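J.: Contents of coords.txt (compact mmCIF, C-alpha atoms and all ligand atoms) are given next:
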# COMPACT_ATOMS: atom_id res chain seq x y z
CA MET J 1 52.93 31.62 51.65
CA PRO J 2 50.43 31.60 54.50
CA ALA J 3 51.23 29.09 57.22
CA ILE J 4 48.81 28.93 60.11
CA VAL J 5 48.90 26.81 63.23
CA VAL J 6 45.86 25.52 65.12
CA VAL J 7 46.37 24.42 68.71
CA GLY J 8 44.25 23.28 71.62
CA ALA J 9 43.94 26.02 74.24
CA GLN J 10 42.91 23.68 77.11
CA TRP J 11 43.62 20.02 78.03
CA GLY J 12 42.99 18.57 74.56
CA ASP J 13 39.72 17.36 73.02
CA GLU J 14 38.70 20.96 72.23
CA GLY J 15 37.35 19.94 68.82
CA LYS J 16 40.56 20.35 66.85
CA GLY J 17 39.40 17.69 64.39
CA LYS J 18 36.34 19.64 63.33
CA VAL J 19 38.10 23.03 63.21
CA ALA J 20 41.15 21.70 61.36
CA ASP J 21 38.84 19.94 58.89
CA ILE J 22 37.01 23.21 58.18
CA LEU J 23 40.25 25.19 57.83
CA ALA J 24 41.71 22.42 55.66
CA GLU J 25 39.22 23.35 52.95
CA HIS J 26 41.40 26.42 52.31
CA ALA J 27 44.71 24.59 52.72
CA ASP J 28 46.90 22.82 50.16
CA VAL J 29 48.92 20.96 52.79
CA VAL J 30 48.03 19.90 56.36
CA VAL J 31 50.79 18.90 58.80
CA ARG J 32 50.87 17.09 62.15
CA TYR J 33 53.99 18.13 64.08
CA GLN J 34 53.87 16.48 67.54
CA GLY J 35 52.20 13.76 69.56
CA GLY J 36 51.28 10.40 68.12
CA ALA J 37 48.42 7.94 68.14
CA ASN J 38 47.39 9.34 71.55
CA ALA J 39 45.44 12.01 69.66
CA GLY J 40 41.87 11.31 68.61
CA HIS J 41 40.37 13.82 66.21
CA THR J 42 36.70 13.25 65.45
CA LEU J 43 35.23 14.53 62.19
CA VAL J 44 31.56 14.37 61.23
CA VAL J 45 30.84 14.82 57.52
CA GLY J 46 27.18 14.26 56.60
CA ASP J 47 26.20 11.25 58.73
CA GLU J 48 29.67 9.73 58.59
CA LYS J 49 31.94 9.90 61.63
CA THR J 50 35.72 9.52 61.18
CA VAL J 51 38.22 9.34 64.05
CA LEU J 52 41.82 10.09 63.11
CA HIS J 53 44.79 9.39 65.39
CA LEU J 54 47.87 10.06 63.25
CA ILE J 55 46.78 11.26 59.84
CA PRO J 56 46.11 15.02 59.59
CA CYS J 57 42.49 16.17 59.19
CA GLY J 58 43.10 17.42 55.65
CA VAL J 59 42.70 13.82 54.48
CA LEU J 60 38.95 14.20 53.89
CA HIS J 61 39.52 17.00 51.34
CA PRO J 62 40.30 15.70 47.85
CA GLY J 63 43.78 16.65 46.67
CA THR J 64 45.01 18.02 50.02
CA VAL J 65 48.46 16.71 50.90
CA CYS J 66 48.87 15.38 54.46
CA VAL J 67 52.28 15.44 56.14
CA ILE J 68 53.38 13.67 59.31
CA GLY J 69 56.28 15.79 60.53
CA ASN J 70 59.51 14.79 62.24
CA GLY J 71 58.13 15.77 65.67
CA VAL J 72 55.41 13.11 65.56
CA VAL J 73 56.01 9.68 67.09
CA VAL J 74 54.50 7.14 64.72
CA ASP J 75 53.15 3.73 65.61
CA PRO J 76 53.28 2.09 62.18
CA TYR J 77 50.58 -0.47 63.05
CA ALA J 78 48.16 2.30 64.06
CA LEU J 79 49.08 4.29 60.95
CA LEU J 80 48.47 1.40 58.56
CA GLU J 81 45.15 0.61 60.22
CA GLU J 82 44.12 4.22 59.64
CA ILE J 83 45.36 4.25 56.03
CA ASP J 84 43.44 1.02 55.26
CA ALA J 85 40.22 2.28 56.89
CA LEU J 86 40.43 5.57 54.95
CA ARG J 87 41.18 3.78 51.64
CA LYS J 88 38.12 1.56 52.09
CA ARG J 89 36.05 4.72 52.16
CA GLY J 90 37.62 6.20 49.06
CA TYR J 91 40.15 8.55 50.67
CA LEU J 92 43.95 8.57 50.26
CA GLU J 93 43.81 6.63 46.98
CA ASP J 94 47.09 8.09 45.82
CA ASP J 95 50.26 7.39 47.89
CA SER J 96 51.57 10.90 47.16
CA LEU J 97 48.77 12.41 49.30
CA LEU J 98 50.40 11.16 52.51
CA LYS J 99 54.01 12.06 53.35
CA ILE J 100 55.98 10.99 56.40
CA SER J 101 59.17 12.68 57.56
CA ASP J 102 62.25 10.47 57.36
CA ARG J 103 63.22 11.97 60.75
CA ALA J 104 60.00 10.99 62.57
CA HIS J 105 60.55 8.43 65.34
CA LEU J 106 58.85 5.04 65.42
CA THR J 107 56.82 3.82 68.34
CA MET J 108 57.92 0.22 68.86
CA PRO J 109 56.07 -2.64 70.59
CA TYR J 110 58.28 -2.22 73.69
CA HIS J 111 57.20 1.44 74.02
CA ARG J 112 53.57 0.43 74.33
CA ALA J 113 54.40 -2.43 76.71
CA ILE J 114 56.46 -0.12 78.96
CA ASP J 115 53.81 2.65 78.97
CA GLN J 116 51.04 0.24 79.97
CA ALA J 117 53.09 -1.66 82.56
CA ARG J 118 54.26 1.54 84.26
CA GLU J 119 50.71 2.83 84.54
CA ARG J 120 49.63 -0.47 86.13
CA LEU J 121 52.47 -0.22 88.66
CA ARG J 122 51.65 3.40 89.51
CA GLY J 123 48.27 2.30 90.90
CA GLU J 124 46.39 5.28 92.33
CA GLY J 125 49.13 7.72 91.30
CA LEU J 126 48.72 6.90 87.62
CA ILE J 127 49.01 9.67 84.99
CA GLY J 128 46.14 8.17 83.00
CA THR J 129 48.12 7.94 79.75
CA THR J 130 46.46 6.68 76.60
CA GLY J 131 48.70 3.60 76.76
CA ARG J 132 49.94 4.25 73.22
CA GLY J 133 53.63 4.30 74.13
CA ILE J 134 54.02 8.04 73.66
CA GLY J 135 56.20 8.84 76.71
CA PRO J 136 58.62 5.91 76.19
CA THR J 137 59.04 6.80 72.48
CA TYR J 138 59.95 10.41 73.28
CA GLU J 139 62.25 9.22 76.10
CA ASP J 140 64.24 7.15 73.59
CA LYS J 141 64.36 10.03 71.14
CA MET J 142 65.91 12.29 73.79
CA ALA J 143 68.19 9.48 75.00
CA ARG J 144 69.37 9.16 71.37
CA ILE J 145 68.42 5.49 71.10
CA GLY J 146 65.24 6.00 69.10
CA ILE J 147 64.58 4.45 65.68
CA ARG J 148 63.50 6.81 62.88
CA PHE J 149 61.86 6.18 59.51
CA ALA J 150 65.24 6.81 57.88
CA ASP J 151 66.58 3.85 59.92
CA LEU J 152 63.56 1.67 59.07
CA LEU J 153 64.33 2.10 55.37
CA ASP J 154 67.86 0.76 55.91
CA ALA J 155 67.30 -2.94 56.73
CA GLY J 156 70.80 -3.52 58.17
CA ALA J 157 70.81 -0.39 60.34
CA PHE J 158 67.29 -1.19 61.56
CA ALA J 159 68.19 -4.78 62.57
CA ASP J 160 71.28 -3.55 64.47
CA ALA J 161 69.44 -0.75 66.25
CA LEU J 162 66.58 -3.07 67.20
CA ARG J 163 68.93 -5.76 68.56
CA ARG J 164 70.83 -3.27 70.72
CA THR J 165 67.77 -1.50 72.07
CA LEU J 166 65.63 -4.58 72.61
CA GLU J 167 68.26 -6.19 74.82
CA GLU J 168 68.07 -3.22 77.18
CA LYS J 169 64.27 -2.93 76.98
CA ASN J 170 63.74 -6.63 77.66
CA ALA J 171 65.94 -6.46 80.76
CA TYR J 172 63.85 -3.51 81.97
CA LEU J 173 60.53 -5.19 81.11
CA ARG J 174 61.51 -8.47 82.83
CA ASN J 175 63.42 -7.30 85.87
CA ILE J 176 61.82 -4.01 86.81
CA LEU J 177 58.31 -4.08 85.36
CA LYS J 178 57.83 -7.86 85.79
CA GLU J 179 56.51 -8.22 82.24
CA GLN J 180 57.32 -10.72 79.49
CA ALA J 181 60.26 -10.08 77.20
CA LEU J 182 59.51 -9.38 73.52
CA ASP J 183 60.78 -11.50 70.65
CA TYR J 184 63.44 -9.94 68.41
CA ASP J 185 62.75 -12.01 65.25
CA ARG J 186 59.05 -11.33 65.40
CA ILE J 187 59.45 -7.56 65.68
CA ARG J 188 62.10 -7.50 62.93
CA ASP J 189 59.91 -9.53 60.54
CA ASP J 190 56.80 -7.49 61.29
CA TYR J 191 58.65 -4.21 60.70
CA GLU J 192 60.08 -5.63 57.44
CA ARG J 193 56.50 -5.89 56.17
CA LEU J 194 55.61 -2.47 57.54
CA ARG J 195 58.64 -1.02 55.73
CA GLU J 196 57.36 -2.23 52.37
CA ARG J 197 53.99 -0.58 52.90
CA LEU J 198 55.25 2.71 54.32
CA ALA J 199 58.42 3.35 52.28
CA PRO J 200 56.59 5.12 49.40
CA HIS J 201 55.41 7.80 51.84
CA VAL J 202 58.77 8.65 53.43
CA ILE J 203 60.40 11.95 52.40
CA ASP J 204 62.43 14.87 53.77
CA ALA J 205 59.34 16.75 55.00
CA SER J 206 61.21 19.93 55.93
CA VAL J 207 62.46 20.38 52.37
CA TYR J 208 59.00 19.56 51.01
CA LEU J 209 57.29 22.15 53.23
CA ASP J 210 59.90 24.81 52.50
CA ARG J 211 59.30 24.37 48.78
CA ALA J 212 55.52 24.33 49.21
CA LEU J 213 55.63 27.60 51.17
CA ALA J 214 58.03 29.20 48.69
CA ALA J 215 55.60 28.28 45.91
CA GLY J 216 52.81 30.13 47.74
CA ARG J 217 50.90 27.06 48.89
CA ARG J 218 48.73 27.34 52.00
CA VAL J 219 49.92 25.18 54.85
CA LEU J 220 47.97 24.32 57.98
CA PHE J 221 49.83 22.97 61.03
CA GLU J 222 47.50 20.89 63.15
CA GLY J 223 48.39 20.62 66.84
CA ALA J 224 47.45 17.60 68.93
CA GLN J 225 46.54 17.47 72.65
CA GLY J 226 46.39 20.97 74.17
CA THR J 227 48.34 23.78 75.83
CA MET J 228 47.77 22.46 79.36
CA LEU J 229 49.22 19.06 78.35
CA ASP J 230 52.47 20.68 77.13
CA VAL J 231 55.45 19.00 78.80
CA ASP J 232 56.94 22.37 79.86
CA HIS J 233 53.95 24.65 80.36
CA GLY J 234 51.15 22.23 81.27
CA THR J 235 50.17 20.65 84.58
CA TYR J 236 53.43 18.68 84.92
CA PRO J 237 53.73 15.71 85.49
CA TYR J 238 50.12 15.20 84.37
CA VAL J 239 50.96 16.12 80.79
CA THR J 240 51.88 14.42 77.55
CA SER J 241 55.53 14.01 76.54
CA SER J 242 55.77 16.60 73.76
CA ASN J 243 55.58 20.36 73.38
CA THR J 244 52.04 20.98 72.25
CA LEU J 245 52.37 24.75 71.72
CA ALA J 246 52.31 26.57 68.38
CA GLY J 247 56.09 27.08 68.56
CA ALA J 248 56.54 23.32 68.30
CA ALA J 249 55.31 23.53 64.69
CA CYS J 250 58.81 24.82 63.86
CA GLY J 251 60.88 22.06 65.46
CA GLY J 252 58.35 19.33 64.75
CA GLY J 253 57.46 20.43 61.22
CA GLY J 254 60.94 21.51 60.18
CA ILE J 255 60.06 25.12 59.33
CA ALA J 256 61.48 28.43 60.52
CA PRO J 257 59.55 30.61 63.03
CA ASN J 258 59.19 33.49 60.56
CA ARG J 259 57.18 31.23 58.24
CA ILE J 260 54.19 31.22 60.61
CA THR J 261 51.61 33.84 59.67
CA GLY J 262 48.86 33.16 62.22
CA VAL J 263 47.87 31.02 65.19
CA ILE J 264 44.35 29.90 66.08
CA GLY J 265 43.50 28.54 69.53
CA ILE J 266 40.62 26.13 69.93
CA THR J 267 38.69 26.20 73.15
CA LYS J 268 35.48 24.61 74.30
CA ALA J 269 32.84 26.98 75.70
CA TYR J 270 33.44 25.05 78.95
CA THR J 271 36.40 22.85 79.99
CA THR J 272 37.17 19.12 79.94
CA ARG J 273 40.14 16.89 80.64
CA VAL J 274 40.83 13.14 80.56
CA GLY J 275 43.33 11.42 82.80
CA SER J 276 44.59 12.57 86.17
CA GLY J 277 45.88 15.95 87.30
CA PRO J 278 44.82 19.44 88.39
CA PHE J 279 41.63 20.94 86.98
CA PRO J 280 40.63 24.03 89.01
CA THR J 281 37.12 24.56 87.57
CA GLU J 282 36.10 20.88 87.60
CA LEU J 283 32.47 20.16 88.50
CA ILE J 284 32.16 16.92 90.46
CA ASP J 285 28.39 17.16 90.79
CA ASP J 286 25.24 16.65 88.72
CA LEU J 287 26.09 19.62 86.54
CA GLY J 288 29.45 18.05 85.64
CA ARG J 289 27.64 14.82 84.77
CA LYS J 290 25.08 16.75 82.69
CA LEU J 291 27.84 18.44 80.67
CA ARG J 292 29.43 15.01 80.09
CA GLU J 293 26.19 13.50 78.82
CA ASP J 294 25.01 16.50 76.78
CA GLY J 295 28.47 17.06 75.30
CA GLU J 296 29.10 13.32 74.75
CA GLU J 297 32.34 13.78 76.61
CA TYR J 298 34.00 10.41 76.17
CA GLY J 299 37.58 10.11 74.84
CA ALA J 300 37.95 9.47 71.09
CA THR J 301 41.08 7.33 71.63
CA THR J 302 40.33 5.43 74.84
CA GLY J 303 36.58 5.92 75.38
CA ARG J 304 37.25 7.18 78.92
CA PRO J 305 34.70 9.62 80.44
CA ARG J 306 36.04 13.17 80.42
CA ARG J 307 36.03 15.34 83.53
CA CYS J 308 33.95 18.50 82.92
CA GLY J 309 33.89 22.02 84.39
CA TRP J 310 33.38 25.74 83.76
CA PHE J 311 35.39 27.83 81.29
CA ASP J 312 38.65 28.98 82.86
CA ALA J 313 39.98 32.33 81.63
CA VAL J 314 43.26 31.87 83.56
CA VAL J 315 43.91 28.83 81.34
CA GLY J 316 42.69 30.88 78.35
CA ARG J 317 45.19 33.67 78.99
CA HIS J 318 47.99 31.12 79.56
CA ALA J 319 47.20 29.70 76.09
CA VAL J 320 47.01 33.14 74.45
CA ARG J 321 50.41 34.16 75.86
CA LEU J 322 52.26 30.91 75.12
CA ASN J 323 50.90 30.38 71.61
CA GLY J 324 50.50 34.01 70.48
CA LEU J 325 46.88 33.35 69.56
CA ASN J 326 45.44 35.68 66.91
CA GLY J 327 41.96 34.21 67.13
CA LEU J 328 39.79 31.75 69.03
CA ALA J 329 37.66 28.97 67.63
CA ILE J 330 35.04 28.37 70.34
CA THR J 331 33.45 24.92 70.22
CA LYS J 332 30.42 23.17 71.74
CA LEU J 333 28.55 26.36 72.62
CA ASP J 334 25.31 24.40 72.06
CA VAL J 335 26.08 22.13 75.04
CA LEU J 336 25.49 25.07 77.41
CA THR J 337 21.94 25.65 76.08
CA GLY J 338 19.33 25.28 78.81
CA LEU J 339 21.56 26.18 81.78
CA LYS J 340 20.01 29.07 83.76
CA ARG J 341 23.29 30.58 84.98
CA LEU J 342 26.76 30.16 83.56
CA LYS J 343 30.00 30.63 85.45
CA VAL J 344 33.35 31.72 84.06
CA CYS J 345 36.52 31.59 86.14
CA VAL J 346 38.29 34.97 85.93
CA ALA J 347 41.17 34.38 88.41
CA TYR J 348 42.14 32.09 91.33
CA LYS J 349 42.33 32.72 95.08
CA HIS J 350 45.29 31.18 96.88
CA GLU J 351 46.26 31.85 100.52
CA GLY J 352 44.29 35.10 100.50
CA GLN J 353 45.95 36.33 97.28
CA ARG J 354 44.35 36.78 93.85
CA LEU J 355 46.24 34.85 91.15
CA GLU J 356 45.87 36.03 87.56
CA ASP J 357 48.34 33.50 86.11
CA PHE J 358 48.42 29.70 86.14
CA PRO J 359 50.82 28.50 88.87
CA ALA J 360 53.43 25.76 88.42
CA SER J 361 53.10 24.30 91.92
CA LEU J 362 50.94 21.18 92.20
CA SER J 363 50.26 21.83 95.88
CA ALA J 364 48.98 25.35 95.07
CA LEU J 365 46.82 23.91 92.29
CA ASN J 366 45.34 21.36 94.68
CA VAL J 367 44.05 24.00 97.12
CA LEU J 368 43.41 27.18 95.14
CA GLU J 369 39.84 28.28 94.51
CA PRO J 370 38.43 29.68 91.29
CA ILE J 371 36.91 33.19 91.40
CA TYR J 372 33.79 33.12 89.22
CA GLU J 373 31.80 35.67 87.33
CA GLU J 374 28.18 34.67 86.59
CA LEU J 375 26.30 35.24 83.38
CA PRO J 376 22.70 34.50 82.39
CA GLY J 377 22.15 31.45 80.17
CA TRP J 378 19.80 30.91 77.20
CA GLU J 379 17.03 28.40 76.45
CA GLU J 380 16.76 28.54 72.66
CA PRO J 381 18.42 25.75 70.58
CA ILE J 382 21.33 27.27 68.63
CA SER J 383 22.59 24.49 66.33
CA ARG J 384 21.05 26.16 63.26
CA ALA J 385 22.76 29.50 63.93
CA ARG J 386 25.06 30.48 61.05
CA SER J 387 25.83 34.07 62.08
CA LEU J 388 26.27 35.89 65.38
CA GLU J 389 22.88 37.56 64.86
CA ASP J 390 21.22 34.11 64.86
CA LEU J 391 22.38 33.55 68.46
CA PRO J 392 20.28 34.55 71.49
CA ALA J 393 21.51 37.79 73.13
CA ASN J 394 22.83 35.92 76.19
CA ALA J 395 24.88 33.54 74.03
CA ARG J 396 26.42 36.56 72.28
CA ARG J 397 27.11 38.08 75.67
CA TYR J 398 28.82 34.86 76.79
CA ILE J 399 31.07 34.85 73.70
CA ALA J 400 31.92 38.54 74.23
CA CYS J 401 32.85 37.74 77.83
CA LEU J 402 35.29 34.96 76.76
CA GLU J 403 36.83 37.29 74.17
CA GLU J 404 37.25 40.09 76.69
CA LEU J 405 38.73 37.88 79.42
CA THR J 406 41.26 36.32 77.05
CA GLY J 407 41.87 39.52 75.05
CA THR J 408 41.36 37.55 71.81
CA PRO J 409 38.64 37.78 69.15
CA SER J 410 36.76 34.68 68.03
CA ILE J 411 37.02 33.67 64.38
CA MET J 412 34.72 30.65 64.48
CA ILE J 413 31.98 29.33 66.79
CA SER J 414 30.89 25.72 66.64
CA VAL J 415 27.25 25.02 67.53
CA GLY J 416 26.97 21.30 66.69
CA ALA J 417 29.04 18.28 65.65
CA ARG J 418 28.56 18.53 61.86
CA ARG J 419 30.79 20.59 59.55
CA GLU J 420 27.90 22.90 58.70
CA ASP J 421 26.95 23.61 62.34
CA THR J 422 29.45 26.43 62.47
CA ILE J 423 29.46 30.23 62.55
CA ILE J 424 32.46 31.45 60.54
CA LEU J 425 33.44 34.99 61.45
CA ARG J 426 36.83 35.31 59.73
CA ASN J 427 39.00 33.36 57.29
CA ALA J 428 41.99 32.16 59.29
CA PHE J 429 44.32 32.30 56.26
CA THR J 430 43.66 35.97 55.56
CA MET J 431 43.31 37.31 59.12
P1 LIG O 501 49.98 10.18 76.89
O1 LIG O 501 50.05 11.31 75.91
O2 LIG O 501 49.31 8.96 76.33
O3 LIG O 501 51.30 9.89 77.52
O4 LIG O 501 49.03 10.65 78.10
C1 LIG O 501 49.39 11.71 78.98
C2 LIG O 501 48.19 12.57 79.35
O5 LIG O 501 47.75 13.29 78.19
C3 LIG O 501 46.98 11.78 79.83
O6 LIG O 501 46.30 12.54 80.81
C4 LIG O 501 46.13 11.65 78.59
O7 LIG O 501 44.76 11.46 78.90
C5 LIG O 501 46.38 13.01 77.95
N1 LIG O 501 46.19 13.00 76.49
C6 LIG O 501 47.03 12.51 75.55
N2 LIG O 501 46.54 12.71 74.32
C7 LIG O 501 45.38 13.36 74.47
C8 LIG O 501 44.43 13.89 73.54
O8 LIG O 501 44.56 13.81 72.31
N3 LIG O 501 43.35 14.51 74.10
C9 LIG O 501 43.21 14.67 75.44
N4 LIG O 501 44.08 14.20 76.34
C10 LIG O 501 45.15 13.56 75.86
Turn this file's structure into structure tokens for me.
Ligand code: IMP

T.:
Amino acid sequence: MPAIVVVGAQWGDEGKGKVADILAEHADVVVRYQGGANAGHTLVVGDEKTVLHLIPCGVLHPGTVCVIGNGVVVDPYALLEEIDALRKRGYLEDDSLLKISDRAHLTMPYHRAIDQARERLRGEGLIGTTGRGIGPTYEDKMARIGIRFADLLDAGAFADALRRTLEEKNAYLRNILKEQALDYDRIRDDYERLRERLAPHVIDASVYLDRALAAGRRVLFEGAQGTMLDVDHGTYPYVTSSNTLAGAACGGGGIAPNRITGVIGITKAYTTRVGSGPFPTELIDDLGRKLREDGEEYGATTGRPRRCGWFDAVVGRHAVRLNGLNGLAITKLDVLTGLKRLKVCVAYKHEGQRLEDFPASLSALNVLEPIYEELPGWEEPISRARSLEDLPANARRYIACLEELTGTPSIMISVGARREDTIILRNAFTM
């Protein structure tokens, strides 16, 4: 009954799509357990590029069951768009290959409207959300006024819940956010149609996963966003609205902690982030721009340019501690090819003190300075490397440095966008 979790070890966009897709080859079931359509997981198979927002990456493997857990917030329009696009390309032909928890919350049109209007009103102080309604959906869940799939399936309960909630949301949209009110009949009718399409997928996902694990099936829990976007342990308030850590696979997947047999952290060989907020090793110079162009660092969900910087081992250790990482999957090593010297942040300096751990205070984060160690770079192209021995000595040295600073061995190194551009060092399911 192996159950492994893969999580982002930085600010998201670490290449979880590619790594989860590779690991999914050995999995019977792949589960999303938090986040929503804010995620954008890019997969490249052959010459075909697929971007997934809600459906787990296992979907490209024939016969693998994909589960959207109770901790995910689901925009049914975005989900159906994704299902239709995948079906057109021959995936997900059988309804039973996609399961949605009856306890997962629905993102409603007012959640998107509120998210986008609030960001507009924040002006310069904006969080830089994806505008997908994620925060407002989780707010309603915690306020106990959310609408779940179980409610969607019950037409009467859904109509009542929508009427009650929409009254309050429309008052907020009109009076506070100065936006237009939304029409009750239209939302109810639209969701009626969505119900018909989605009902065959809705199940008690916790019971399903428990039985799958008991039957010895291999389950992969696929995290979205990254450790530094976790609502508790990230760069609050510049974070997403869910717990993004490996532990959230329990609450958001409906499984017990002792079911998890391993945790893999995905990290780029450098660092990126989209949206606002602290980023100690950010490069706001030509080198930062070069990393953005060479690494094609533009958001998969919103197309926004990503901020780029050096690898940060303080962030790495934060991720190892919070997630209990057993192994690292290091991505985009090829993007560093051609740089003469490489820097790695080993600690921070703040008010004359050396900081080994990531601080909570925003004002400290705004003024602290990274302490760097320098390593020599390499010139040789590495995208055809399939084993460590195929890498130039300085690239091996760089990997060894990241492993030593984070105290975690690497299990996989990605050297290009395609599935096959990967050095596999260990099988995550049998670590
Ligand atoms: P939200 O999740 O849309 O509320 O956005 C909150 C913050 O998380 C913003 O800085 C987003 O750019 C960031 N974010 C959300 N999802 C992702 C993701 O999948 N990758 C990277 N950043 C993300």

J.: Which residues are near J:Val19? Cut-off 12 Å, all atoms listed in the file, ignore same chain within fewer than 2 positions. Put them as an MDAnalysis selection string.

T.: chainID J and resid 5:8 13:17 21:26 41:44 56:58 220:223 264:268 328:332 411:424 427:428

J.: In Å to one decimal, how far is atom CA of J:Pro278 from atom CA of J:Glu374?

T.: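 So the answer is 22.6 Å.
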
J.: Step by step, measure atom-to-atom distances between ligand LIG 501 (chain O) and each residue using only C-alpha atoms and all ligand atoms, keep those at most 8 Å, then write them as a PyMOL selection string.

T.: chain J and resi 11-13+35-36+38-41+115+127-135+224-226+229+238-241+273-277+299-301

J.: Could the residues of stretch 132-215 of chain J that have an atom at most 10 Å from stretch 93-113 of chain J be listed as a Markdown table, each with its closest atom pair and the distance in Å to one decimal, counting only C-alpha atoms and ordered by chain and ascending residue number?

T.:
| residue | atom | partner | partner_atom | distance |
| --- | --- | --- | --- | --- |
| J:Arg132 | CA | J:Arg112 | CA | 5.4 |
| J:Gly133 | CA | J:Arg112 | CA | 3.9 |
| J:Ile134 | CA | J:His111 | CA | 7.3 |
| J:Gly135 | CA | J:His111 | CA | 7.9 |
| J:Pro136 | CA | J:His111 | CA | 5.2 |
| J:Thr137 | CA | J:Thr107 | CA | 5.6 |
| J:Tyr138 | CA | J:His105 | CA | 8.2 |
| J:Glu139 | CA | J:His111 | CA | 9.5 |
| J:Asp140 | CA | J:His111 | CA | 9.1 |
| J:Lys141 | CA | J:His105 | CA | 7.1 |
| J:Gly146 | CA | J:His105 | CA | 6.5 |
| J:Ile147 | CA | J:His105 | CA | 5.7 |
| J:Arg148 | CA | J:His105 | CA | 4.2 |
| J:Phe149 | CA | J:Asp102 | CA | 4.8 |
| J:Ala150 | CA | J:Asp102 | CA | 4.8 |
| J:Asp151 | CA | J:Asp102 | CA | 8.3 |
| J:Leu152 | CA | J:Leu106 | CA | 8.6 |
| J:Leu153 | CA | J:Asp102 | CA | 8.9 |
| J:Leu162 | CA | J:Met108 | CA | 9.4 |
| J:Thr165 | CA | J:Tyr110 | CA | 9.7 |
| J:Leu166 | CA | J:Tyr110 | CA | 7.8 |
| J:Lys169 | CA | J:Tyr110 | CA | 6.9 |
| J:Asn170 | CA | J:Tyr110 | CA | 8.1 |
| J:Leu173 | CA | J:Ala113 | CA | 8.0 |
| J:Leu177 | CA | J:Ala113 | CA | 9.6 |
| J:Glu179 | CA | J:Ala113 | CA | 8.3 |
| J:Gln180 | CA | J:Ala113 | CA | 9.2 |
| J:Ala181 | CA | J:Tyr110 | CA | 8.8 |
| J:Leu182 | CA | J:Tyr110 | CA | 7.3 |
| J:Ile187 | CA | J:Pro109 | CA | 7.7 |
| J:Tyr191 | CA | J:Met108 | CA | 9.3 |
| J:Leu198 | CA | J:Ile100 | CA | 8.6 |
| J:Ala199 | CA | J:Ile100 | CA | 9.0 |
| J:Pro200 | CA | J:Asp95 | CA | 6.9 |
| J:His201 | CA | J:Lys99 | CA | 4.7 |
| J:Val202 | CA | J:Ile100 | CA | 4.7 |
| J:Ile203 | CA | J:Ser101 | CA | 5.4 |
| J:Asp204 | CA | J:Ser101 | CA | 5.5 |
| J:Ala205 | CA | J:Ser101 | CA | 4.8 |
| J:Ser206 | CA | J:Ser101 | CA | 7.7 |
| J:Val207 | CA | J:Ser101 | CA | 9.9 |
| J:Tyr208 | CA | J:Lys99 | CA | 9.3 |

J.: Kindly give the distance, in Å, that separates atom CA of J:Tyr348 and atom CA of J:Leu291, rounded to a single decimal.

T.: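 According to the coordinates, atom CA of J:Tyr348 and atom CA of J:Leu291 are separated by 22.5 Å.
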
J.: Using all atoms listed in the file for the distances, tell me which of J:Ala157, J:Ile284, J:Met431, J:Leu333 is nearest to J:Ala385.

T.: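 Going through J:Ala157, J:Ile284, J:Met431, J:Leu333 one by one, the smallest distance to J:Ala385 is for J:Leu333.
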
J.: Which one of J:Arg164, J:Lys290, J:Arg396, J:Arg193 sits closest to J:Leu339 if you count all atoms listed in the file?

T.: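 Comparing J:Arg164, J:Lys290, J:Arg396, J:Arg193 against J:Leu339, the winner is J:Lys290.
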
J.: Here is a test: counting all atoms listed in the file, which residue of J:Cys308, J:Val231, J:Leu209, J:Leu121 is nearest to J:Glu282?

T.: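 Closest residue, counting all atoms listed in the file: J:Cys308.
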
J.: Taking all atoms of stretch 208-225 of chain J that appear in the file, build a box with edges along x, y and z, extend it by 3 Å on every side, and state its centre and edge lengths in Å to one decimal, as JSON.

T.:
{"center_x": 53.2, "center_y": 23.8, "center_z": 59.3, "size_x": 19.4, "size_y": 18.7, "size_z": 32.7}

J.: Here is a test: counting only C-alpha atoms, which residue of J:Ile371, J:Arg426, J:Gly254, J:Leu52 is nearest to J:Ser387?

T.: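 Result for the nearest residue to J:Ser387: J:Arg426.
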